[in-house]
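Data file: target-v3.pdb. Format and content: PDB, C-alpha atoms.
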```pdb
ATOM      1  CA  THR A  30      42.385  31.179 -39.956  1.00  0.00           C
ATOM      2  CA  ILE A  31      44.137  29.523 -37.021  1.00  0.00           C
ATOM      3  CA  GLN A  32      44.737  31.682 -33.977  1.00  0.00           C
ATOM      4  CA  ASP A  33      48.199  33.229 -33.664  1.00  0.00           C
ATOM      5  CA  THR A  34      49.015  33.206 -29.948  1.00  0.00           C
ATOM      6  CA  GLN A  35      52.411  34.778 -30.511  1.00  0.00           C
ATOM      7  CA  LYS A  36      50.677  38.110 -31.016  1.00  0.00           C
ATOM      8  CA  GLY A  37      48.732  37.833 -27.770  1.00  0.00           C
ATOM      9  CA  ILE A  38      45.329  37.517 -29.429  1.00  0.00           C
ATOM     10  CA  MET A  39      42.724  36.021 -27.117  1.00  0.00           C
ATOM     11  CA  THR A  40      40.190  33.420 -28.148  1.00  0.00           C
ATOM     12  CA  SER A  41      36.438  33.993 -27.923  1.00  0.00           C
ATOM     13  CA  LEU A  42      35.147  30.389 -27.895  1.00  0.00           C
ATOM     14  CA  GLY A  43      35.301  28.935 -24.415  1.00  0.00           C
ATOM     15  CA  ILE A  44      33.555  27.597 -21.339  1.00  0.00           C
ATOM     16  CA  GLY A  45      29.787  27.999 -21.423  1.00  0.00           C
ATOM     17  CA  ASP A  46      29.585  28.349 -25.219  1.00  0.00           C
ATOM     18  CA  PRO A  47      27.750  25.883 -27.478  1.00  0.00           C
ATOM     19  CA  ALA A  48      30.282  23.584 -29.149  1.00  0.00           C
ATOM     20  CA  PRO A  49      30.206  24.102 -32.944  1.00  0.00           C
ATOM     21  CA  ASP A  50      28.882  21.079 -34.805  1.00  0.00           C
ATOM     22  CA  PHE A  51      30.952  19.527 -37.590  1.00  0.00           C
ATOM     23  CA  SER A  52      31.035  16.652 -40.028  1.00  0.00           C
ATOM     24  CA  LEU A  53      34.364  14.910 -40.667  1.00  0.00           C
ATOM     25  CA  VAL A  54      35.291  11.456 -41.931  1.00  0.00           C
ATOM     26  CA  ASP A  55      37.291   8.725 -40.212  1.00  0.00           C
ATOM     27  CA  SER A  56      39.956   6.576 -41.869  1.00  0.00           C
ATOM     28  CA  ASP A  57      37.239   4.283 -43.264  1.00  0.00           C
ATOM     29  CA  GLY A  58      35.520   7.232 -44.958  1.00  0.00           C
ATOM     30  CA  VAL A  59      32.576   7.147 -42.525  1.00  0.00           C
ATOM     31  CA  PRO A  60      31.268  10.658 -41.645  1.00  0.00           C
ATOM     32  CA  HIS A  61      30.927  11.662 -38.002  1.00  0.00           C
ATOM     33  CA  SER A  62      29.310  14.724 -36.453  1.00  0.00           C
ATOM     34  CA  LEU A  63      29.295  16.116 -32.934  1.00  0.00           C
ATOM     35  CA  ALA A  64      25.482  16.060 -32.978  1.00  0.00           C
ATOM     36  CA  GLU A  65      25.597  12.251 -33.050  1.00  0.00           C
ATOM     37  CA  HIS A  66      26.997  12.338 -29.519  1.00  0.00           C
ATOM     38  CA  LYS A  67      24.233  14.466 -27.997  1.00  0.00           C
ATOM     39  CA  GLY A  68      23.273  13.094 -24.597  1.00  0.00           C
ATOM     40  CA  ARG A  69      26.832  11.870 -24.028  1.00  0.00           C
ATOM     41  CA  LYS A  70      29.856  13.537 -22.502  1.00  0.00           C
ATOM     42  CA  VAL A  71      32.522  14.194 -25.121  1.00  0.00           C
ATOM     43  CA  MET A  72      36.230  14.915 -25.061  1.00  0.00           C
ATOM     44  CA  LEU A  73      37.109  16.602 -28.343  1.00  0.00           C
ATOM     45  CA  SER A  74      40.873  16.820 -28.898  1.00  0.00           C
ATOM     46  CA  PHE A  75      42.731  18.562 -31.699  1.00  0.00           C
ATOM     47  CA  TYR A  76      46.155  17.119 -32.426  1.00  0.00           C
ATOM     48  CA  ARG A  77      48.978  18.560 -34.485  1.00  0.00           C
ATOM     49  CA  SER A  78      49.368  15.650 -36.906  1.00  0.00           C
ATOM     50  CA  ALA A  79      49.014  11.887 -37.065  1.00  0.00           C
ATOM     51  CA  ALA A  80      52.740  11.901 -37.945  1.00  0.00           C
ATOM     52  CA  CYS A  81      53.716  13.879 -34.837  1.00  0.00           C
ATOM     53  CA  PRO A  82      55.630  11.729 -32.299  1.00  0.00           C
ATOM     54  CA  PHE A  83      54.417  13.915 -29.416  1.00  0.00           C
ATOM     55  CA  CYS A  84      50.772  13.449 -30.465  1.00  0.00           C
ATOM     56  CA  ASN A  85      51.260   9.703 -30.775  1.00  0.00           C
ATOM     57  CA  TYR A  86      52.756   9.583 -27.295  1.00  0.00           C
ATOM     58  CA  ALA A  87      49.793  11.572 -25.937  1.00  0.00           C
ATOM     59  CA  ILE A  88      47.370   9.101 -27.554  1.00  0.00           C
ATOM     60  CA  TYR A  89      49.407   6.204 -26.162  1.00  0.00           C
ATOM     61  CA  GLN A  90      49.094   7.682 -22.661  1.00  0.00           C
ATOM     62  CA  LEU A  91      45.385   8.501 -22.962  1.00  0.00           C
ATOM     63  CA  LYS A  92      44.598   5.052 -24.352  1.00  0.00           C
ATOM     64  CA  GLY A  93      46.353   3.465 -21.382  1.00  0.00           C
ATOM     65  CA  ARG A  94      44.509   5.640 -18.865  1.00  0.00           C
ATOM     66  CA  TYR A  95      41.112   5.580 -20.565  1.00  0.00           C
ATOM     67  CA  LYS A  96      39.791   2.488 -18.776  1.00  0.00           C
ATOM     68  CA  LYS A  97      41.033   3.854 -15.449  1.00  0.00           C
ATOM     69  CA  LEU A  98      39.106   7.131 -15.727  1.00  0.00           C
ATOM     70  CA  ALA A  99      36.136   7.495 -13.414  1.00  0.00           C
ATOM     71  CA  TRP A 100      32.903   6.966 -15.357  1.00  0.00           C
ATOM     72  CA  ALA A 101      34.992   6.424 -18.526  1.00  0.00           C
ATOM     73  CA  SER A 102      32.179   4.408 -20.097  1.00  0.00           C
ATOM     74  CA  ASN A 103      30.181   7.650 -20.263  1.00  0.00           C
ATOM     75  CA  LEU A 104      32.870   9.504 -22.194  1.00  0.00           C
ATOM     76  CA  ASP A 105      33.176   9.614 -25.984  1.00  0.00           C
ATOM     77  CA  VAL A 106      36.656  10.615 -27.146  1.00  0.00           C
ATOM     78  CA  ILE A 107      37.023  12.282 -30.558  1.00  0.00           C
ATOM     79  CA  ALA A 108      40.512  12.974 -31.902  1.00  0.00           C
ATOM     80  CA  VAL A 109      40.877  15.354 -34.864  1.00  0.00           C
ATOM     81  CA  PHE A 110      43.992  15.541 -37.057  1.00  0.00           C
ATOM     82  CA  GLN A 111      44.973  17.838 -39.896  1.00  0.00           C
ATOM     83  CA  SER A 112      46.276  14.656 -41.550  1.00  0.00           C
ATOM     84  CA  THR A 113      44.678  12.727 -44.389  1.00  0.00           C
ATOM     85  CA  THR A 114      42.865   9.480 -43.662  1.00  0.00           C
ATOM     86  CA  GLU A 115      45.798   7.603 -45.192  1.00  0.00           C
ATOM     87  CA  LYS A 116      48.208   9.136 -42.681  1.00  0.00           C
ATOM     88  CA  ILE A 117      45.866   8.329 -39.797  1.00  0.00           C
ATOM     89  CA  ASP A 118      45.875   4.728 -40.982  1.00  0.00           C
ATOM     90  CA  ASN A 119      49.641   4.633 -41.339  1.00  0.00           C
ATOM     91  CA  PHE A 120      50.800   6.446 -38.201  1.00  0.00           C
ATOM     92  CA  ILE A 121      47.977   5.764 -35.728  1.00  0.00           C
ATOM     93  CA  LEU A 122      46.217   2.524 -36.616  1.00  0.00           C
ATOM     94  CA  ASN A 123      48.661   0.380 -38.586  1.00  0.00           C
ATOM     95  CA  SER A 124      51.504   1.145 -36.186  1.00  0.00           C
ATOM     96  CA  ARG A 125      49.326  -0.269 -33.394  1.00  0.00           C
ATOM     97  CA  ASP A 126      48.104  -3.196 -35.488  1.00  0.00           C
ATOM     98  CA  THR A 127      44.459  -2.211 -35.018  1.00  0.00           C
ATOM     99  CA  THR A 128      41.488  -0.964 -37.042  1.00  0.00           C
ATOM    100  CA  GLU A 129      39.231   2.080 -36.736  1.00  0.00           C
ATOM    101  CA  ALA A 130      36.435  -0.115 -35.337  1.00  0.00           C
ATOM    102  CA  GLU A 131      38.730  -1.617 -32.692  1.00  0.00           C
ATOM    103  CA  PHE A 132      40.258   1.687 -31.550  1.00  0.00           C
ATOM    104  CA  PRO A 133      38.574   3.151 -28.427  1.00  0.00           C
ATOM    105  CA  PHE A 134      38.521   6.706 -29.853  1.00  0.00           C
ATOM    106  CA  VAL A 135      36.992   8.215 -32.980  1.00  0.00           C
ATOM    107  CA  LEU A 136      39.824   9.407 -35.252  1.00  0.00           C
ATOM    108  CA  LEU A 137      38.821  12.119 -37.734  1.00  0.00           C
ATOM    109  CA  SER A 138      40.578  13.853 -40.620  1.00  0.00           C
ATOM    110  CA  ASP A 139      40.416  17.619 -41.213  1.00  0.00           C
ATOM    111  CA  PRO A 140      43.118  18.461 -43.790  1.00  0.00           C
ATOM    112  CA  GLU A 141      41.418  21.780 -44.626  1.00  0.00           C
ATOM    113  CA  LEU A 142      41.637  22.843 -40.953  1.00  0.00           C
ATOM    114  CA  ILE A 143      37.981  23.905 -41.022  1.00  0.00           C
ATOM    115  CA  THR A 144      37.179  22.556 -37.559  1.00  0.00           C
ATOM    116  CA  TYR A 145      40.495  23.842 -36.185  1.00  0.00           C
ATOM    117  CA  CYS A 146      39.398  27.344 -37.173  1.00  0.00           C
ATOM    118  CA  GLU A 147      35.887  26.933 -35.769  1.00  0.00           C
ATOM    119  CA  TYR A 148      37.323  25.903 -32.402  1.00  0.00           C
ATOM    120  CA  GLU A 149      40.017  28.589 -32.584  1.00  0.00           C
ATOM    121  CA  VAL A 150      42.920  26.175 -32.233  1.00  0.00           C
ATOM    122  CA  CYS A 151      46.170  28.108 -31.834  1.00  0.00           C
ATOM    123  CA  GLU A 152      49.463  28.142 -33.692  1.00  0.00           C
ATOM    124  CA  LYS A 153      52.765  29.237 -32.174  1.00  0.00           C
ATOM    125  CA  PHE A 154      56.316  28.724 -33.414  1.00  0.00           C
ATOM    126  CA  LEU A 155      57.927  29.316 -30.004  1.00  0.00           C
ATOM    127  CA  GLY A 156      55.565  26.787 -28.385  1.00  0.00           C
ATOM    128  CA  ASN A 157      56.687  24.255 -30.985  1.00  0.00           C
ATOM    129  CA  ILE A 158      60.378  24.792 -30.294  1.00  0.00           C
ATOM    130  CA  ALA A 159      59.992  24.988 -26.495  1.00  0.00           C
ATOM    131  CA  GLY A 160      58.258  21.607 -26.369  1.00  0.00           C
ATOM    132  CA  MET A 161      60.984  19.984 -28.444  1.00  0.00           C
ATOM    133  CA  LEU A 162      63.792  21.444 -26.338  1.00  0.00           C
ATOM    134  CA  ARG A 163      62.173  20.137 -23.146  1.00  0.00           C
ATOM    135  CA  THR A 164      61.926  16.581 -24.477  1.00  0.00           C
ATOM    136  CA  PRO A 165      65.430  15.453 -23.375  1.00  0.00           C
ATOM    137  CA  ARG A 166      64.390  16.282 -19.801  1.00  0.00           C
ATOM    138  CA  GLY A 167      61.226  14.200 -20.086  1.00  0.00           C
ATOM    139  CA  SER A 168      60.516  10.801 -18.595  1.00  0.00           C
ATOM    140  CA  PRO A 169      62.496   7.747 -19.807  1.00  0.00           C
ATOM    141  CA  GLU A 170      59.230   6.337 -21.204  1.00  0.00           C
ATOM    142  CA  CYS A 171      58.586   9.489 -23.246  1.00  0.00           C
ATOM    143  CA  LYS A 172      62.134   9.635 -24.622  1.00  0.00           C
ATOM    144  CA  LYS A 173      62.091   5.957 -25.549  1.00  0.00           C
ATOM    145  CA  TYR A 174      58.701   6.254 -27.273  1.00  0.00           C
ATOM    146  CA  ILE A 175      59.678   9.297 -29.347  1.00  0.00           C
ATOM    147  CA  ARG A 176      63.061   7.835 -30.251  1.00  0.00           C
ATOM    148  CA  THR A 177      61.445   4.592 -31.447  1.00  0.00           C
ATOM    149  CA  PHE A 178      58.724   6.462 -33.348  1.00  0.00           C
ATOM    150  CA  VAL A 179      61.237   8.628 -35.232  1.00  0.00           C
ATOM    151  CA  ARG A 180      63.446   5.636 -36.055  1.00  0.00           C
ATOM    152  CA  THR A 181      60.431   3.778 -37.433  1.00  0.00           C
ATOM    153  CA  HIS A 182      58.650   6.566 -39.318  1.00  0.00           C
ATOM    154  CA  GLY A 183      61.254   9.263 -39.803  1.00  0.00           C
ATOM    155  CA  ILE A 184      60.300  12.943 -39.529  1.00  0.00           C
ATOM    156  CA  ASP A 185      57.274  13.832 -41.616  1.00  0.00           C
ATOM    157  CA  LYS A 186      57.079  17.458 -42.820  1.00  0.00           C
ATOM    158  CA  GLU A 187      53.518  17.787 -41.539  1.00  0.00           C
ATOM    159  CA  ALA A 188      54.735  17.102 -37.990  1.00  0.00           C
ATOM    160  CA  LEU A 189      56.934  20.215 -38.144  1.00  0.00           C
ATOM    161  CA  GLY A 190      54.009  22.633 -38.232  1.00  0.00           C
ATOM    162  CA  ASN A 191      53.244  25.080 -35.430  1.00  0.00           C
ATOM    163  CA  ILE A 192      49.717  23.944 -34.507  1.00  0.00           C
ATOM    164  CA  LEU A 193      49.291  23.462 -30.754  1.00  0.00           C
ATOM    165  CA  PRO A 194      47.003  20.822 -29.196  1.00  0.00           C
ATOM    166  CA  SER A 195      43.589  21.794 -27.832  1.00  0.00           C
ATOM    167  CA  ASP A 196      41.081  19.819 -25.753  1.00  0.00           C
ATOM    168  CA  PHE A 197      37.386  20.531 -25.206  1.00  0.00           C
ATOM    169  CA  LEU A 198      35.150  18.794 -22.657  1.00  0.00           C
ATOM    170  CA  ILE A 199      31.562  18.999 -23.912  1.00  0.00           C
ATOM    171  CA  ASP A 200      28.539  18.113 -21.785  1.00  0.00           C
ATOM    172  CA  GLU A 201      25.426  16.156 -22.729  1.00  0.00           C
ATOM    173  CA  ASN A 202      23.715  19.315 -24.017  1.00  0.00           C
ATOM    174  CA  GLY A 203      26.550  20.252 -26.355  1.00  0.00           C
ATOM    175  CA  ILE A 204      27.936  23.002 -24.102  1.00  0.00           C
ATOM    176  CA  ILE A 205      31.680  23.421 -23.526  1.00  0.00           C
ATOM    177  CA  ALA A 206      32.222  22.594 -19.852  1.00  0.00           C
ATOM    178  CA  ASP A 207      36.005  22.983 -19.903  1.00  0.00           C
ATOM    179  CA  CYS A 208      38.692  23.694 -22.466  1.00  0.00           C
ATOM    180  CA  PHE A 209      42.460  23.619 -22.670  1.00  0.00           C
ATOM    181  CA  ARG A 210      44.611  25.319 -25.300  1.00  0.00           C
ATOM    182  CA  ALA A 211      48.234  24.246 -25.089  1.00  0.00           C
ATOM    183  CA  LYS A 212      51.090  26.727 -25.035  1.00  0.00           C
ATOM    184  CA  GLU A 213      53.610  24.067 -26.101  1.00  0.00           C
ATOM    185  CA  ILE A 214      53.369  21.036 -28.409  1.00  0.00           C
ATOM    186  CA  ASP A 215      53.525  18.359 -25.703  1.00  0.00           C
ATOM    187  CA  GLU A 216      50.742  19.703 -23.469  1.00  0.00           C
ATOM    188  CA  HIS A 217      47.206  18.350 -23.073  1.00  0.00           C
ATOM    189  CA  ILE A 218      44.388  18.856 -20.590  1.00  0.00           C
ATOM    190  CA  PRO A 219      45.321  17.516 -17.118  1.00  0.00           C
ATOM    191  CA  LEU A 220      43.755  14.209 -16.128  1.00  0.00           C
ATOM    192  CA  GLU A 221      42.220  15.667 -12.963  1.00  0.00           C
ATOM    193  CA  ARG A 222      40.158  18.091 -15.046  1.00  0.00           C
ATOM    194  CA  ILE A 223      38.797  15.190 -17.121  1.00  0.00           C
ATOM    195  CA  ASN A 224      37.921  13.324 -13.919  1.00  0.00           C
ATOM    196  CA  ALA A 225      36.169  16.388 -12.494  1.00  0.00           C
ATOM    197  CA  PHE A 226      34.163  16.701 -15.723  1.00  0.00           C
ATOM    198  CA  LEU A 227      33.124  13.043 -15.648  1.00  0.00           C
ATOM    199  CA  LEU A 228      32.095  13.267 -12.004  1.00  0.00           C
ATOM    200  CA  GLY A 229      30.022  16.399 -12.612  1.00  0.00           C
ATOM    201  CA  GLN A 230      32.391  18.592 -10.630  1.00  0.00           C
ATOM    202  CA  LYS A 231      33.770  21.990 -11.594  1.00  0.00           C
ATOM    203  CA  SER A 232      37.540  22.115 -11.977  1.00  0.00           C
ATOM    204  CA  GLU A 233      39.456  25.073 -10.563  1.00  0.00           C
ATOM    205  CA  LYS A 234      40.021  26.244 -14.139  1.00  0.00           C
ATOM    206  CA  VAL A 235      36.267  26.378 -14.814  1.00  0.00           C
ATOM    207  CA  VAL A 236      35.609  28.338 -11.620  1.00  0.00           C
ATOM    208  CA  GLU A 237      38.420  30.762 -12.462  1.00  0.00           C
ATOM    209  CA  SER A 238      37.173  31.190 -16.032  1.00  0.00           C
ATOM    210  CA  ARG A 239      33.649  32.045 -14.936  1.00  0.00           C
ATOM    211  CA  ARG A 240      34.977  34.475 -12.336  1.00  0.00           C
ATOM    212  CA  ASN A 241      37.069  36.231 -14.992  1.00  0.00           C
ATOM    213  CA  LEU A 242      34.116  36.332 -17.386  1.00  0.00           C
ATOM    214  CA  PHE A 243      31.944  37.962 -14.728  1.00  0.00           C
ATOM    215  CA  LYS A 244      34.621  40.598 -14.137  1.00  0.00           C
ATOM    216  CA  ALA A 245      34.914  41.230 -17.871  1.00  0.00           C
ATOM    217  CA  LEU A 246      31.163  41.635 -18.334  1.00  0.00           C
ATOM    218  CA  SER A 247      30.941  43.994 -15.374  1.00  0.00           C
ATOM    219  CA  THR A 248      33.676  46.257 -16.802  1.00  0.00           C
ATOM    220  CA  LYS A 249      32.411  48.600 -19.499  1.00  0.00           C
ATOM    221  CA  ASN A 250      35.650  48.800 -21.434  1.00  0.00           C
ATOM    222  CA  ILE A 251      36.146  45.028 -21.773  1.00  0.00           C
ATOM    223  CA  SER A 252      34.251  42.935 -24.268  1.00  0.00           C
ATOM    224  CA  PRO A 253      33.881  39.143 -23.811  1.00  0.00           C
ATOM    225  CA  LYS A 254      34.460  38.682 -27.525  1.00  0.00           C
ATOM    226  CA  LYS A 255      37.974  38.992 -28.920  1.00  0.00           C
ATOM    227  CA  PRO A 256      39.071  39.367 -32.548  1.00  0.00           C
ATOM    228  CA  ARG A 257      40.315  36.344 -34.453  1.00  0.00           C
ATOM    229  CA  GLY A 258      43.996  36.077 -35.208  1.00  0.00           C
ATOM    230  CA  LYS A 259      45.811  35.339 -38.436  1.00  0.00           C
ATOM    231  CA  ARG A 260      47.522  32.107 -39.285  1.00  0.00           C
ATOM    232  CA  LEU A 261      51.302  32.182 -39.133  1.00  0.00           C
ATOM    233  CA  GLU A 262      53.114  32.276 -42.421  1.00  0.00           C
ATOM    234  CA  SER A 263      54.781  28.985 -43.288  1.00  0.00           C
ATOM    235  CA  GLY A 264      58.541  29.288 -43.223  1.00  0.00           C
ATOM    236  CA  ASP A 265      59.428  27.910 -39.834  1.00  0.00           C
ATOM    237  CA  SER A 266      59.561  24.257 -40.905  1.00  0.00           C
ATOM    238  CA  LYS A 267      63.280  24.280 -41.703  1.00  0.00           C
ATOM    239  CA  ARG A 268      64.195  25.825 -38.354  1.00  0.00           C
ATOM    240  CA  THR A 269      61.877  23.373 -36.572  1.00  0.00           C
ATOM    241  CA  LEU A 270      63.470  20.396 -38.333  1.00  0.00           C
ATOM    242  CA  LEU A 271      66.975  21.547 -37.412  1.00  0.00           C
ATOM    243  CA  THR A 272      65.935  21.999 -33.779  1.00  0.00           C
ATOM    244  CA  PHE A 273      64.315  18.562 -33.641  1.00  0.00           C
ATOM    245  CA  GLN A 274      67.372  16.923 -35.176  1.00  0.00           C
ATOM    246  CA  LYS A 275      69.601  18.604 -32.577  1.00  0.00           C
ATOM    247  CA  VAL A 276      67.325  17.387 -29.787  1.00  0.00           C
ATOM    248  CA  LEU A 277      67.400  13.811 -31.073  1.00  0.00           C
ATOM    249  CA  SER A 278      71.197  13.890 -31.287  1.00  0.00           C
ATOM    250  CA  LYS A 279      71.696  14.974 -27.682  1.00  0.00           C
ATOM    251  CA  LYS A 280      73.502  12.360 -25.613  1.00  0.00           C
ATOM    252  CA  ASN A 281      70.929  12.211 -22.809  1.00  0.00           C
ATOM    253  CA  PHE A 282      68.174  11.672 -25.385  1.00  0.00           C
ATOM    254  CA  SER A 283      69.815   9.176 -27.719  1.00  0.00           C
ATOM    255  CA  GLU A 284      71.094   6.855 -24.980  1.00  0.00           C
ATOM    256  CA  GLU A 285      69.021   3.764 -24.352  1.00  0.00           C
ATOM    257  CA  THR A 286      67.054   3.824 -21.125  1.00  0.00           C
TER     258      THR A 286
END
```
Represent the structure of the file as structure tokens.
Amino acid sequence: TIQDTQKGIMTSLGIGDPAPDFSLVDSDGVPHSLAEHKGRKVMLSFYRSAACPFCNYAIYQLKGRYKKLAWASNLDVIAVFQSTTEKIDNFILNSRDTTEAEFPFVLLSDPELITYCEYEVCEKFLGNIAGMLRTPRGSPECKKYIRTFVRTHGIDKEALGNILPSDFLIDENGIIADCFRAKEIDEHIPLERINAFLLGQKSEKVVESRRNLFKALSTKNISPKKPRGKRLESGDSKRTLLTFQKVLSKKNFSEET
């Protein structure tokens, strides 16, 4: 089951752990596994949905910055969605007038959420709502992108779920070098941490994580392994939709920029 961060349950998979292998298909039906990328640095990102405007904006930003990243040619980017391959085609590829082969990232479908559970991706209703409410205060580019996306595609029910994004930076030996689990729907791993990973440097987050792990292991009453959480019950979609509709109707969001 997906981790429920509302209940304060910690995750056990993190920095220094072997990244779980998987086999998922892309929109062309071609299977991909993490093992195929051994010997390469990998950024494995879990998105909420291919129909999510916030996820599409994040991909838009990453795609634009990808060529500017230091040592980007040594980085394989894998994006996982709970969406079907048809939705990935419709919302990600067709909307950009491109094909799977032409896209710079591998786009994979996991409608059963198997890989989400293996990587302990989190789910949080309040993180969903908080991200939406902050949108009107976002950049003009972000507001314009989301407004255009919603006008073009509408609001898909799948995009109203409470799954939060997660990013894992995996080294050439298949070990998690850094990880980021969002607390709100519009958050992703900071660019400087990706750069540090590509340049073989340790980000401040990695140093802090290892320091905390050492403290935990040296304290008898603290175990490095935490119990898994339970997936939130579905029933928040209606409230999420109403909140999103209110956000889109706000004057400072709906005005053209």
Checklist entry - Which residues, written as a ChimeraX atom specification, have at least one atom at most 9 Å from Glu216 in chain A, with all atoms listed in the file counted and residues fewer than 3 positions away on the same chain left out? => result /A:87,160,193-195,210-213,219
Next on the checklist: Please list as JSON, numbers by chain every residue within 9 Å of Asp185 in chain A, counting only C-alpha atoms and excluding residues in the same chain fewer than 3 positions away.
Outcome noted: {"A": [80, 81, 182, 188, 189]}
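Atom pair CA of Lys92 in chain A / CA of Glu149 in chain A has a distance of 25.4 Å (rounded to one decimal).
Within the file as shown, the PyMOL selection byres ((chain A and resi 47) around 9) identifies Leu42, Gly43, Ile44, Gly45, Asp46, Ala48, Pro49, Asp50, Ile199, Asn202, Gly203, Ile204 and Ile205 of chain A.
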Checklist entry - Applied to the shown file, which residues does the PyMOL selection byres ((chain A and resi 137) around 6) return, written as an NGL selection string? => result :A and (54-55 or 109 or 136 or 138)
Item to check | the PyMOL selection byres ((chain A and resi 115) around 12) resolved against shown file, as a PyMOL selection string | outcome: chain A and resi 54-58+79-80+110-114+116-123+136-138+140
Item to check | Residue with smallest distance to Arg69 in chain A - pool A:Asp126, A:Glu170, A:Glu201, A:Asp196, counting only C-alpha atoms | outcome: A:Glu201
Next on the checklist: Set the distance at 12 Å and use only C-alpha atoms: which residues neighbour Tyr89 in chain A once local chain neighbours fewer than 3 positions away are removed? I'd like the list as a count of residues only.
Outcome noted: 21
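Interatomic distance, CA of Asn103 in chain A against CA of Gln90 in chain A: 19.1 Å.
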